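One file, my_file-v6.csv, is given below (CSV, C-alpha atoms (C1' of nucleotides)).
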```
chain,number,residue,atom,x,y,z
A,1,MET,CA,59.2,10.8,10.3
A,2,ALA,CA,60.3,11.0,6.8
A,3,ASP,CA,60.9,7.9,4.7
A,4,ILE,CA,59.0,5.3,6.5
A,5,PRO,CA,57.0,3.4,3.8
A,6,ARG,CA,53.9,3.0,5.9
A,7,GLU,CA,53.6,6.8,6.2
A,8,ARG,CA,53.9,7.1,2.5
A,9,GLU,CA,51.1,4.6,1.9
A,10,GLU,CA,48.9,6.5,4.3
A,11,SER,CA,49.5,9.8,2.5
A,12,LEU,CA,48.9,8.1,-0.8
A,13,ASP,CA,45.6,6.7,0.5
A,14,VAL,CA,44.5,10.1,1.8
A,15,ILE,CA,45.4,11.7,-1.5
A,16,GLN,CA,43.5,9.1,-3.4
A,17,ARG,CA,40.4,9.4,-1.3
A,18,GLU,CA,40.3,13.1,-1.2
A,19,LEU,CA,40.9,13.5,-4.9
A,20,THR,CA,38.2,11.0,-5.6
A,21,ALA,CA,35.8,12.8,-3.3
A,22,PHE,CA,36.6,16.1,-5.0
A,23,ALA,CA,36.1,14.6,-8.5
A,24,ARG,CA,32.7,13.2,-7.5
A,25,ARG,CA,31.5,16.5,-6.0
A,26,ALA,CA,32.8,18.6,-8.8
A,27,ARG,CA,29.9,18.2,-11.1
A,28,SER,CA,27.2,19.2,-8.7
A,29,ALA,CA,29.3,22.2,-7.6
A,30,ALA,CA,29.9,23.2,-11.2
A,31,ALA,CA,26.2,23.0,-11.8
A,32,ARG,CA,25.6,25.5,-9.0
A,33,LEU,CA,28.2,27.9,-10.3
A,34,HIS,CA,26.9,28.2,-13.8
A,35,PRO,CA,23.4,26.8,-14.1
A,36,ASP,CA,23.0,28.3,-17.5
A,37,LEU,CA,26.1,27.1,-19.3
A,38,PRO,CA,26.0,23.5,-20.5
A,39,LEU,CA,28.4,23.0,-17.8
A,40,VAL,CA,30.9,20.6,-19.3
A,41,SER,CA,31.2,22.8,-22.2
A,42,TYR,CA,32.2,25.5,-19.9
A,43,THR,CA,35.4,23.8,-19.2
A,44,LEU,CA,36.1,23.4,-22.9
A,45,LEU,CA,35.3,27.0,-23.6
A,46,ALA,CA,37.6,28.1,-20.8
A,47,HIS,CA,40.4,26.0,-22.3
A,48,ILE,CA,39.9,27.3,-25.8
A,49,ASP,CA,40.2,30.8,-24.3
A,50,TYR,CA,43.2,30.0,-22.2
A,51,ARG,CA,45.0,28.7,-25.2
A,52,ASN,CA,43.9,31.6,-27.4
A,53,GLY,CA,42.3,29.2,-29.8
A,54,CYS,CA,42.8,25.5,-30.4
A,55,ARG,CA,41.6,22.5,-32.2
A,56,ALA,CA,39.0,19.9,-31.1
A,57,THR,CA,41.8,17.4,-31.1
A,58,ASP,CA,43.7,19.4,-28.6
A,59,LEU,CA,40.7,19.5,-26.3
A,60,ALA,CA,40.2,15.8,-26.6
A,61,ALA,CA,43.9,15.1,-25.7
A,62,HIS,CA,43.9,17.6,-22.8
A,63,TYR,CA,40.8,16.2,-21.1
A,64,MET,CA,41.2,12.6,-22.2
A,65,LEU,CA,37.9,12.7,-24.1
A,66,ASP,CA,36.9,10.9,-27.2
A,67,LYS,CA,36.9,13.1,-30.3
A,68,SER,CA,33.2,12.4,-30.8
A,69,THR,CA,32.4,13.8,-27.4
A,70,VAL,CA,34.4,16.9,-28.1
A,71,SER,CA,32.7,17.3,-31.5
A,72,ARG,CA,29.3,17.3,-29.9
A,73,GLN,CA,30.3,19.7,-27.1
A,74,VAL,CA,31.8,22.1,-29.6
A,75,ALA,CA,28.7,21.8,-31.7
A,76,SER,CA,26.6,22.7,-28.7
A,77,LEU,CA,28.9,25.7,-27.9
A,78,GLU,CA,28.6,26.9,-31.4
A,79,LYS,CA,24.8,26.6,-31.4
A,80,LEU,CA,24.8,28.7,-28.3
A,81,GLY,CA,26.9,31.3,-30.1
A,82,LEU,CA,29.9,31.0,-27.7
A,83,VAL,CA,32.5,29.7,-30.1
A,84,GLU,CA,33.4,30.1,-33.7
A,85,ARG,CA,35.2,27.8,-36.0
A,86,HIS,CA,37.8,29.1,-38.4
A,87,PRO,CA,39.1,26.8,-41.0
A,88,ASP,CA,42.9,26.6,-41.2
A,89,PRO,CA,43.9,27.8,-44.6
A,90,ASP,CA,46.9,25.6,-44.6
A,91,ASP,CA,45.0,22.4,-43.7
A,92,GLN,CA,41.4,22.1,-44.6
A,93,ARG,CA,40.8,19.3,-42.1
A,94,ILE,CA,41.5,21.6,-39.2
A,95,GLN,CA,39.0,23.9,-37.5
A,96,VAL,CA,40.6,26.4,-35.2
A,97,LEU,CA,38.2,27.2,-32.4
A,98,HIS,CA,37.8,30.7,-30.8
A,99,PRO,CA,35.5,32.1,-28.3
A,100,THR,CA,33.0,34.7,-29.7
A,101,ALA,CA,32.5,37.9,-28.0
A,102,ALA,CA,29.5,36.3,-26.2
A,103,GLY,CA,31.7,33.4,-25.3
A,104,THR,CA,34.3,35.7,-23.7
A,105,GLN,CA,31.7,37.5,-21.9
A,106,ALA,CA,30.0,34.4,-20.6
A,107,LEU,CA,33.4,33.2,-19.5
A,108,ALA,CA,34.1,36.4,-17.7
A,109,SER,CA,30.9,36.5,-15.7
A,110,THR,CA,31.3,32.8,-14.7
A,111,GLN,CA,34.9,33.3,-13.9
A,112,ALA,CA,33.9,36.1,-11.5
A,113,SER,CA,31.6,33.9,-9.5
A,114,ARG,CA,34.1,31.0,-9.6
A,115,ARG,CA,36.8,33.3,-8.3
A,116,ALA,CA,34.6,34.6,-5.5
A,117,ALA,CA,33.8,31.0,-4.5
A,118,TYR,CA,37.5,30.1,-4.4
A,119,ARG,CA,38.4,33.3,-2.6
A,120,GLU,CA,35.9,32.6,0.1
A,121,ARG,CA,36.8,28.9,0.3
A,122,LEU,CA,40.5,29.5,0.5
A,123,GLY,CA,40.3,32.8,2.3
A,124,THR,CA,42.0,31.6,5.4
A,125,TRP,CA,45.0,30.1,3.6
A,126,THR,CA,48.2,31.9,3.6
A,127,SER,CA,49.7,33.0,0.3
A,128,GLY,CA,52.5,30.6,0.8
A,129,ASP,CA,50.1,27.6,1.3
A,130,LEU,CA,48.2,28.6,-1.8
A,131,GLU,CA,51.3,28.8,-3.8
A,132,GLN,CA,52.5,25.5,-2.6
A,133,PHE,CA,49.1,23.8,-3.2
A,134,ALA,CA,49.0,25.2,-6.7
A,135,GLU,CA,52.5,23.9,-7.3
A,136,TYR,CA,51.6,20.4,-6.1
A,137,LEU,CA,48.5,20.3,-8.3
A,138,LEU,CA,50.6,21.3,-11.3
A,139,ARG,CA,53.1,18.7,-10.5
A,140,TYR,CA,50.5,16.1,-10.0
A,141,ASN,CA,48.7,16.8,-13.2
A,142,SER,CA,51.7,17.2,-15.4
A,143,ALA,CA,53.0,13.8,-14.1
A,144,GLY,CA,50.0,12.2,-15.8
A,145,GLU,CA,50.1,13.8,-19.2
A,146,GLU,CA,50.8,10.3,-20.5
A,147,THR,CA,49.4,8.1,-17.8
A,148,PRO,CA,46.0,8.2,-16.2
A,149,PRO,CA,45.6,10.8,-13.5
A,150,LEU,CA,43.5,8.8,-11.0
B,1,MET,CA,56.5,37.5,-1.9
B,2,ALA,CA,53.8,36.8,0.6
B,3,ASP,CA,50.6,38.8,0.8
B,4,ILE,CA,50.5,40.5,-2.5
B,5,PRO,CA,46.9,40.1,-3.7
B,6,ARG,CA,47.9,39.6,-7.3
B,7,GLU,CA,50.0,36.6,-6.4
B,8,ARG,CA,47.1,35.2,-4.5
B,9,GLU,CA,44.8,35.6,-7.5
B,10,GLU,CA,47.3,33.8,-9.7
B,11,SER,CA,47.6,30.9,-7.3
B,12,LEU,CA,43.8,30.7,-7.1
B,13,ASP,CA,43.5,30.6,-10.8
B,14,VAL,CA,46.1,27.8,-11.1
B,15,ILE,CA,44.3,25.8,-8.4
B,16,GLN,CA,41.0,26.3,-10.1
B,17,ARG,CA,42.4,25.3,-13.5
B,18,GLU,CA,44.3,22.3,-12.3
B,19,LEU,CA,41.5,21.0,-10.1
B,20,THR,CA,39.1,21.3,-13.0
B,21,ALA,CA,41.5,19.5,-15.4
B,22,PHE,CA,41.8,16.8,-12.8
B,23,ALA,CA,38.1,16.4,-12.4
B,24,ARG,CA,37.5,16.2,-16.1
B,25,ARG,CA,40.1,13.6,-16.6
B,26,ALA,CA,39.2,11.5,-13.6
B,27,ARG,CA,36.4,9.6,-15.3
B,28,SER,CA,38.4,8.3,-18.1
B,29,ALA,CA,41.2,7.4,-15.8
B,30,ALA,CA,38.8,5.6,-13.5
B,31,ALA,CA,37.4,3.6,-16.4
B,32,ARG,CA,40.9,2.4,-17.2
B,33,LEU,CA,41.6,1.4,-13.6
B,34,HIS,CA,38.6,-0.8,-13.1
B,35,PRO,CA,36.9,-1.5,-16.4
B,36,ASP,CA,34.7,-4.1,-14.8
B,37,LEU,CA,33.2,-2.3,-11.9
B,38,PRO,CA,30.3,0.0,-12.8
B,39,LEU,CA,32.8,2.6,-12.0
B,40,VAL,CA,30.9,5.3,-10.2
B,41,SER,CA,29.6,2.6,-8.0
B,42,TYR,CA,33.1,1.8,-7.1
B,43,THR,CA,33.4,5.1,-5.2
B,44,LEU,CA,30.3,4.4,-3.3
B,45,LEU,CA,31.3,1.0,-2.4
B,46,ALA,CA,34.7,2.3,-1.2
B,47,HIS,CA,33.0,4.8,1.0
B,48,ILE,CA,30.6,2.2,2.4
B,49,ASP,CA,33.6,0.1,3.3
B,50,TYR,CA,35.6,3.1,4.6
B,51,ARG,CA,32.8,4.0,7.0
B,52,ASN,CA,32.1,0.4,8.0
B,53,GLY,CA,28.6,0.6,6.8
B,54,CYS,CA,26.4,3.6,6.1
B,55,ARG,CA,23.1,4.7,4.8
B,56,ALA,CA,22.3,5.8,1.3
B,57,THR,CA,21.6,9.3,2.6
B,58,ASP,CA,25.1,9.5,4.0
B,59,LEU,CA,26.5,8.7,0.6
B,60,ALA,CA,24.3,11.3,-1.1
B,61,ALA,CA,25.5,14.0,1.4
B,62,HIS,CA,29.1,13.1,1.1
B,63,TYR,CA,29.2,13.1,-2.6
B,64,MET,CA,26.6,15.8,-3.1
B,65,LEU,CA,24.4,13.4,-5.1
B,66,ASP,CA,20.6,13.3,-5.3
B,67,LYS,CA,19.1,10.5,-3.3
B,68,SER,CA,17.6,9.0,-6.4
B,69,THR,CA,21.0,8.7,-8.0
B,70,VAL,CA,22.4,6.9,-5.0
B,71,SER,CA,19.3,4.7,-4.8
B,72,ARG,CA,19.9,3.4,-8.3
B,73,GLN,CA,23.7,3.1,-7.8
B,74,VAL,CA,23.1,1.0,-4.7
B,75,ALA,CA,20.5,-1.1,-6.5
B,76,SER,CA,23.1,-1.8,-9.1
B,77,LEU,CA,25.7,-2.7,-6.5
B,78,GLU,CA,23.3,-5.0,-4.9
B,79,LYS,CA,22.4,-6.7,-8.1
B,80,LEU,CA,26.1,-7.3,-8.6
B,81,GLY,CA,26.2,-8.9,-5.2
B,82,LEU,CA,28.7,-6.3,-3.9
B,83,VAL,CA,26.6,-4.8,-1.1
B,84,GLU,CA,23.9,-5.9,1.3
B,85,ARG,CA,21.2,-3.9,2.9
B,86,HIS,CA,20.4,-4.5,6.5
B,87,PRO,CA,17.3,-2.9,7.9
B,88,ASP,CA,17.9,-1.0,11.1
B,89,PRO,CA,15.8,-2.6,13.8
B,90,ASP,CA,15.3,0.7,15.5
B,91,ASP,CA,14.1,2.6,12.5
B,92,GLN,CA,12.4,0.7,9.7
B,93,ARG,CA,13.1,3.5,7.2
B,94,ILE,CA,16.8,3.0,7.3
B,95,GLN,CA,18.8,0.5,5.4
B,96,VAL,CA,22.3,0.1,6.5
B,97,LEU,CA,24.6,-0.8,3.7
B,98,HIS,CA,27.5,-3.1,4.0
B,99,PRO,CA,29.9,-4.6,1.5
B,100,THR,CA,29.5,-8.3,0.9
B,101,ALA,CA,32.5,-10.6,0.9
B,102,ALA,CA,32.6,-10.3,-2.9
B,103,GLY,CA,32.4,-6.5,-2.5
B,104,THR,CA,35.3,-6.4,-0.1
B,105,GLN,CA,37.3,-8.6,-2.4
B,106,ALA,CA,36.5,-6.5,-5.5
B,107,LEU,CA,37.5,-3.5,-3.5
B,108,ALA,CA,40.7,-5.0,-2.5
B,109,SER,CA,41.8,-6.0,-5.9
B,110,THR,CA,40.9,-2.6,-7.3
B,111,GLN,CA,42.6,-0.9,-4.5
B,112,ALA,CA,45.8,-2.7,-5.3
B,113,SER,CA,45.9,-1.4,-8.9
B,114,ARG,CA,45.0,2.1,-7.7
B,115,ARG,CA,47.7,2.0,-5.2
B,116,ALA,CA,50.2,0.9,-7.8
B,117,ALA,CA,49.1,3.7,-10.1
B,118,TYR,CA,49.5,6.3,-7.4
B,119,ARG,CA,52.8,4.9,-6.3
B,120,GLU,CA,54.2,5.1,-9.8
B,121,ARG,CA,52.8,8.6,-10.3
B,122,LEU,CA,54.0,10.0,-7.1
B,123,GLY,CA,57.1,7.9,-6.8
B,124,THR,CA,59.4,10.9,-7.1
B,125,TRP,CA,57.7,12.9,-4.4
B,126,THR,CA,59.3,13.1,-1.0
B,127,SER,CA,57.4,11.8,1.9
B,128,GLY,CA,57.2,15.3,3.2
B,129,ASP,CA,55.6,16.6,0.0
B,130,LEU,CA,53.1,13.7,0.0
B,131,GLU,CA,52.1,14.5,3.5
B,132,GLN,CA,51.8,18.2,2.8
B,133,PHE,CA,49.8,17.6,-0.3
B,134,ALA,CA,47.5,15.2,1.5
B,135,GLU,CA,47.0,17.8,4.2
B,136,TYR,CA,46.1,20.5,1.7
B,137,LEU,CA,43.6,18.2,0.1
B,138,LEU,CA,42.0,17.4,3.4
B,139,ARG,CA,41.8,21.0,4.3
B,140,TYR,CA,40.4,22.0,0.9
B,141,ASN,CA,37.7,19.4,0.9
B,142,SER,CA,36.7,19.8,4.5
B,143,ALA,CA,36.3,23.6,3.9
B,144,GLY,CA,33.5,22.7,1.5
B,145,GLU,CA,31.4,20.4,3.6
B,146,GLU,CA,28.8,23.1,3.4
B,147,THR,CA,29.7,25.1,0.4
B,148,PRO,CA,30.4,23.8,-3.1
B,149,PRO,CA,33.9,22.5,-3.7
B,150,LEU,CA,34.6,23.9,-7.1
C,1,DC,C1',50.4,10.5,-60.5
C,2,DC,C1',48.2,7.1,-58.0
C,3,DA,C1',47.4,4.0,-54.2
C,4,DC,C1',47.8,3.6,-49.4
C,5,DA,C1',48.1,5.3,-44.9
C,6,DC,C1',47.2,8.8,-41.6
C,7,DT,C1',44.7,12.8,-39.5
C,8,DC,C1',40.6,15.6,-38.3
C,9,DG,C1',36.2,15.7,-37.7
C,10,DT,C1',31.0,14.0,-37.8
C,11,DT,C1',27.2,10.8,-37.1
C,12,DG,C1',24.8,6.5,-35.4
C,13,DT,C1',24.1,3.9,-31.5
C,14,DA,C1',24.2,2.7,-26.9
C,15,DG,C1',25.2,2.9,-22.0
C,16,DT,C1',26.0,5.5,-17.7
C,17,DA,C1',25.3,9.2,-14.6
C,18,DT,C1',22.5,12.6,-13.0
C,19,DA,C1',18.6,15.6,-11.3
C,20,DC,C1',13.9,16.8,-10.3
C,21,DA,C1',9.3,15.7,-9.1
C,22,DA,C1',5.9,12.7,-7.4
C,23,DC,C1',5.2,9.0,-4.4
C,24,DT,C1',5.2,5.3,-0.3
C,25,DA,C1',6.3,4.3,4.1
C,26,DA,C1',8.0,5.0,8.7
C,27,DA,C1',8.9,8.1,12.7
C,28,DG,C1',8.4,12.0,15.3
C,29,DT,C1',5.4,16.1,17.0
C,30,DT,C1',1.3,18.5,18.6
D,1,DA,C1',-5.5,11.8,15.1
D,2,DA,C1',-3.3,15.3,12.1
D,3,DC,C1',0.8,17.4,10.5
D,4,DT,C1',5.7,17.3,9.5
D,5,DT,C1',10.0,15.3,8.6
D,6,DT,C1',13.0,11.6,7.0
D,7,DA,C1',14.4,7.5,4.0
D,8,DG,C1',14.1,5.5,0.0
D,9,DT,C1',12.0,4.3,-4.8
D,10,DT,C1',10.3,5.2,-9.4
D,11,DG,C1',9.0,8.0,-13.6
D,12,DT,C1',10.9,11.0,-16.7
D,13,DA,C1',14.2,13.8,-19.0
D,14,DT,C1',18.8,15.3,-19.9
D,15,DA,C1',23.9,15.4,-20.0
D,16,DC,C1',28.1,13.0,-20.9
D,17,DT,C1',30.6,9.6,-22.8
D,18,DA,C1',32.6,5.9,-25.7
D,19,DC,C1',33.1,2.9,-29.7
D,20,DA,C1',32.5,2.1,-34.4
D,21,DA,C1',31.7,3.5,-39.1
D,22,DC,C1',32.4,6.9,-42.1
D,23,DG,C1',33.8,11.2,-45.1
D,24,DA,C1',37.1,14.5,-46.4
D,25,DG,C1',41.8,16.3,-46.6
D,26,DT,C1',46.9,15.5,-46.4
D,27,DG,C1',51.1,13.2,-47.1
D,28,DT,C1',54.2,9.5,-49.1
D,29,DG,C1',56.3,5.8,-51.7
D,30,DG,C1',56.3,3.8,-56.0
```

Target encoding structure tokens, full file:
Amino acid sequence: MADIPREREESLDVIQRELTAFARRARSAAARLHPDLPLVSYTLLAHIDYRNGCRATDLAAHYMLDKSTVSRQVASLEKLGLVERHPDPDDQRIQVLHPTAAGTQALASTQASRRAAYRERLGTWTSGDLEQFAEYLLRYNSAGEETPPL
Amino acid sequence: MADIPREREESLDVIQRELTAFARRARSAAARLHPDLPLVSYTLLAHIDYRNGCRATDLAAHYMLDKSTVSRQVASLEKLGLVERHPDPDDQRIQVLHPTAAGTQALASTQASRRAAYRERLGTWTSGDLEQFAEYLLRYNSAGEETPPL
DNA sequence: CCACACTCGTTGTAGTATACAACTAAAGTT
DNA sequence: AACTTTAGTTGTATACTACAACGAGTGTGG
């Protein structure tokens, strides 16, 4: 039951369909998890934090967004007092983005409810399955650093 | 290396982060794969086809969308001549949606390029890994029929 | 040192996706 | 017949996004 092409195709179709369903549902779910935070911005804020500061260009590359989109999102995060921009002394074009204290705090409280949701949702999974699933997702996403993910 | 809670948390965080990254990238990727099709509508059309006809309400439930959103998307698909509405004779409130010939055809050609993209992307995976990954995604998504997926 | 090219970011404009609320119409329930 | 529930539409407002044009800073080849 291993290398029969038909089985591969079936698996690919399932993966395609389920990933699509997930992506379509993600927004509404995210809205429920942090109704306050501008919601897409949350993702960017989380990434800024994860990277310990980064540039707008990095965000655009990572999420495949136009720089104008990122620019506005960052502006909105700044207006909300969640991120700060620090000009890079070596290159005046660059603004290094960092979460403010409020940003870190907002992230932490949101992260808590996200974690709780995931824990509940994946509560019945064995640790081995979680690990394996995480590994698959990493592999899947990294495969598409260059090419489109969907 | 099995049931240590810390390891579970780490896996959960990775899953969370990678699923989020995927969801954020999905739109831009989808835009590249079918620049012609209204692009969100594609998903709905695919689901209508997959189900061999369904109601707008079913689409809303499946993708966690507001009925007004679905109503407009379906209207746009109809205007493009990709779906037809057939009133249910037993219940005049209901419109059963079906792909038109053009809809089926559009779906087929898009599906071809999608399949190609997935085949390329997952070409190095073993059939076993694909099967396992598909199974995880199914399990993950079905766990959230009630609760939010993200 | 200057002209050209490149990079980072912003702003103008426009299209798409989405939700919420109010509404119509058709069934179903008392 | 009156109330409730379900299916779908429309009005309105907002979020997200891209593309194009632009401004400012950096780097490089004459």

Counting all atoms listed in the file, what is within 12 Å of stretch 1-9 of chain C, bar same-chain residues fewer than 6 positions away, as a PyMOL selection string? (chain A and resi 55-58+60+66-72+74-75+87-88+91-96) or (chain D and resi 22-30)

Pose of chain B fitted onto chain A, C-alpha LSQ, given as a compact mmCIF listing (two decimals) with C-alpha atoms, in the frame of the given file:
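Contents of result.txt, as written:
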```txt
# COMPACT_ATOMS: atom_id res chain seq x y z
CA MET B 1 59.19 10.86 10.10
CA ALA B 2 60.39 10.95 6.56
CA ASP B 3 60.92 7.84 4.47
CA ILE B 4 58.98 5.28 6.34
CA PRO B 5 57.04 3.38 3.66
CA ARG B 6 53.97 3.00 5.81
CA GLU B 7 53.64 6.74 6.16
CA ARG B 8 53.95 7.07 2.45
CA GLU B 9 51.16 4.55 1.89
CA GLU B 10 48.91 6.44 4.27
CA SER B 11 49.53 9.73 2.53
CA LEU B 12 48.83 8.06 -0.83
CA ASP B 13 45.61 6.69 0.41
CA VAL B 14 44.48 10.09 1.75
CA ILE B 15 45.38 11.73 -1.58
CA GLN B 16 43.53 9.09 -3.48
CA ARG B 17 40.45 9.37 -1.25
CA GLU B 18 40.34 13.12 -1.19
CA LEU B 19 40.97 13.53 -4.91
CA THR B 20 38.19 11.07 -5.63
CA ALA B 21 35.76 12.84 -3.25
CA PHE B 22 36.65 16.05 -5.01
CA ALA B 23 36.03 14.66 -8.43
CA ARG B 24 32.70 13.21 -7.48
CA ARG B 25 31.50 16.39 -5.99
CA ALA B 26 32.78 18.66 -8.71
CA ARG B 27 29.83 18.16 -11.03
CA SER B 28 27.23 19.20 -8.65
CA ALA B 29 29.28 22.12 -7.55
CA ALA B 30 29.82 23.16 -11.15
CA ALA B 31 26.09 23.02 -11.83
CA ARG B 32 25.52 25.43 -8.97
CA LEU B 33 28.19 27.85 -10.21
CA HIS B 34 26.89 28.27 -13.71
CA PRO B 35 23.43 26.81 -14.03
CA ASP B 36 23.02 28.33 -17.44
CA LEU B 37 26.06 27.18 -19.27
CA PRO B 38 25.87 23.60 -20.54
CA LEU B 39 28.36 23.07 -17.86
CA VAL B 40 30.84 20.62 -19.26
CA SER B 41 31.07 22.88 -22.20
CA TYR B 42 32.13 25.58 -19.90
CA THR B 43 35.45 23.79 -19.28
CA LEU B 44 36.07 23.47 -22.92
CA LEU B 45 35.31 26.98 -23.63
CA ALA B 46 37.66 28.07 -20.81
CA HIS B 47 40.43 26.02 -22.27
CA ILE B 48 39.81 27.38 -25.77
CA ASP B 49 40.12 30.85 -24.35
CA TYR B 50 43.12 29.94 -22.15
CA ARG B 51 45.03 28.68 -25.19
CA ASN B 52 43.91 31.53 -27.44
CA GLY B 53 42.30 29.20 -29.83
CA CYS B 54 42.77 25.48 -30.35
CA ARG B 55 41.57 22.50 -32.21
CA ALA B 56 39.02 19.99 -31.06
CA THR B 57 41.73 17.34 -30.97
CA ASP B 58 43.71 19.42 -28.52
CA LEU B 59 40.74 19.55 -26.23
CA ALA B 60 40.17 15.79 -26.48
CA ALA B 61 43.87 15.14 -25.55
CA HIS B 62 43.90 17.54 -22.71
CA TYR B 63 40.81 16.29 -21.10
CA MET B 64 41.22 12.68 -22.15
CA LEU B 65 37.89 12.77 -24.02
CA ASP B 66 36.90 10.88 -27.17
CA LYS B 67 36.87 13.05 -30.23
CA SER B 68 33.21 12.40 -30.74
CA THR B 69 32.40 13.77 -27.32
CA VAL B 70 34.30 16.95 -28.00
CA SER B 71 32.73 17.21 -31.46
CA ARG B 72 29.26 17.30 -29.97
CA GLN B 73 30.30 19.61 -27.08
CA VAL B 74 31.72 22.07 -29.59
CA ALA B 75 28.63 21.80 -31.77
CA SER B 76 26.62 22.73 -28.76
CA LEU B 77 28.88 25.66 -27.95
CA GLU B 78 28.58 26.85 -31.43
CA LYS B 79 24.85 26.61 -31.46
CA LEU B 80 24.88 28.76 -28.35
CA GLY B 81 26.95 31.27 -30.22
CA LEU B 82 29.86 30.92 -27.74
CA VAL B 83 32.54 29.68 -30.14
CA GLU B 84 33.46 30.05 -33.79
CA ARG B 85 35.26 27.68 -36.02
CA HIS B 86 37.82 29.03 -38.39
CA PRO B 87 39.18 26.71 -41.02
CA ASP B 88 42.94 26.64 -41.16
CA PRO B 89 43.98 27.81 -44.60
CA ASP B 90 46.97 25.55 -44.57
CA ASP B 91 45.16 22.39 -43.69
CA GLN B 92 41.51 22.05 -44.63
CA ARG B 93 40.96 19.31 -42.04
CA ILE B 94 41.54 21.58 -39.14
CA GLN B 95 39.09 23.89 -37.54
CA VAL B 96 40.52 26.34 -35.18
CA LEU B 97 38.18 27.21 -32.41
CA HIS B 98 37.86 30.59 -30.89
CA PRO B 99 35.49 32.09 -28.36
CA THR B 100 33.05 34.60 -29.74
CA ALA B 101 32.50 37.92 -28.01
CA ALA B 102 29.47 36.39 -26.26
CA GLY B 103 31.68 33.43 -25.27
CA THR B 104 34.33 35.64 -23.78
CA GLN B 105 31.70 37.57 -21.92
CA ALA B 106 29.99 34.41 -20.58
CA LEU B 107 33.38 33.25 -19.52
CA ALA B 108 34.11 36.38 -17.76
CA SER B 109 30.98 36.52 -15.78
CA THR B 110 31.33 32.89 -14.78
CA GLN B 111 34.88 33.38 -13.91
CA ALA B 112 33.95 36.12 -11.51
CA SER B 113 31.60 33.87 -9.49
CA ARG B 114 34.18 31.08 -9.52
CA ARG B 115 36.78 33.39 -8.31
CA ALA B 116 34.55 34.59 -5.52
CA ALA B 117 33.80 31.01 -4.53
CA TYR B 118 37.46 30.11 -4.39
CA ARG B 119 38.35 33.25 -2.55
CA GLU B 120 35.79 32.55 0.13
CA ARG B 121 36.85 28.91 0.38
CA LEU B 122 40.48 29.53 0.56
CA GLY B 123 40.31 32.85 2.32
CA THR B 124 42.03 31.52 5.42
CA TRP B 125 44.96 30.04 3.58
CA THR B 126 48.24 31.88 3.60
CA SER B 127 49.64 32.99 0.35
CA GLY B 128 52.45 30.58 0.87
CA ASP B 129 50.09 27.62 1.29
CA LEU B 130 48.13 28.66 -1.83
CA GLU B 131 51.27 28.77 -3.83
CA GLN B 132 52.48 25.44 -2.51
CA PHE B 133 49.17 23.83 -3.13
CA ALA B 134 49.01 25.21 -6.64
CA GLU B 135 52.49 23.86 -7.27
CA TYR B 136 51.56 20.39 -6.06
CA LEU B 137 48.55 20.40 -8.31
CA LEU B 138 50.60 21.40 -11.29
CA ARG B 139 53.13 18.77 -10.57
CA TYR B 140 50.49 16.08 -10.01
CA ASN B 141 48.64 16.78 -13.19
CA SER B 142 51.66 17.24 -15.37
CA ALA B 143 52.99 13.82 -14.14
CA GLY B 144 49.95 12.29 -15.82
CA GLU B 145 50.13 13.80 -19.26
CA GLU B 146 50.80 10.30 -20.43
CA THR B 147 49.47 8.10 -17.74
CA PRO B 148 46.01 8.24 -16.16
CA PRO B 149 45.56 10.81 -13.42
CA LEU B 150 43.55 8.85 -10.94
```

Can you tell me, as a tab-separated table (two decimals) with C-alpha atoms (C1' of nucleotides), in the frame of the given file, what residues are no more than 10 Å from D:DT12 when counting all atoms listed in the file, ignoring any on the same chain fewer than 2 positions away?
```tsv
chain	number	residue	atom	x	y	z
C	20	DC	C1'	13.90	16.80	-10.30
C	21	DA	C1'	9.30	15.70	-9.10
D	10	DT	C1'	10.30	5.20	-9.40
D	14	DT	C1'	18.80	15.30	-19.90
```

Cut-off 12 Å: closest chain D/stretch 20-27 of chain B atom pairs per residue, using all atoms listed in the file, as JSON lines:
```
{"residue": "D:DC16", "atom": "C1'", "partner": "B:Arg27", "partner_atom": "CA", "distance": 10.6}
{"residue": "D:DT17", "atom": "C1'", "partner": "B:Arg27", "partner_atom": "CA", "distance": 9.5}
{"residue": "D:DA18", "atom": "C1'", "partner": "B:Arg27", "partner_atom": "CA", "distance": 11.7}
```

Report as a PyMOL selection string all protein, DNA and RNA residues lying within 12 Å of B:Gln111, evaluated on all atoms listed in the file, omitting residues in the same chain fewer than 6 positions from it. (chain A and resi 9+12-13+16-17+150) or (chain B and resi 30+33-34+42-43+45-46+49+103-105+117-119)

Between atom CA of A:Pro5 and atom CA of B:Thr124 - distance in Å to one decimal: 13.4 Å

Could you tell me how far atom CA of B:Thr100 lies from atom CA of B:Val83, in Å and to one decimal?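 Atom CA of B:Val83 lies at a distance of 5.0 Å from atom CA of B:Thr100.
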
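For chain D, the residues close to chain B, meaning within 9 Å and counting all atoms listed in the file, are DT6, DA7, DG8, DT9 and DT10 of chain D.
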
Could you dump the residues just selected with C-alpha atoms (C1' of nucleotides) as a PDB file, in the frame of the given file?
```
ATOM      1  C1'  DT D   6      13.000  11.600   7.000  1.00  0.00           C
ATOM      2  C1'  DA D   7      14.400   7.500   4.000  1.00  0.00           C
ATOM      3  C1'  DG D   8      14.100   5.500   0.000  1.00  0.00           C
ATOM      4  C1'  DT D   9      12.000   4.300  -4.800  1.00  0.00           C
ATOM      5  C1'  DT D  10      10.300   5.200  -9.400  1.00  0.00           C
TER       6       DT D  10
END
```

Using only C-alpha atoms (C1' of nucleotides), find the residues of chain C whose closest atom to chain B is at most 7 Å away, then write them as an MDAnalysis selection string. chainID C and resid 18:19 26

What does the distance between atom CA of A:Ser113 and atom CA of A:Leu37 come to in Å, to one decimal place? 13.1 Å
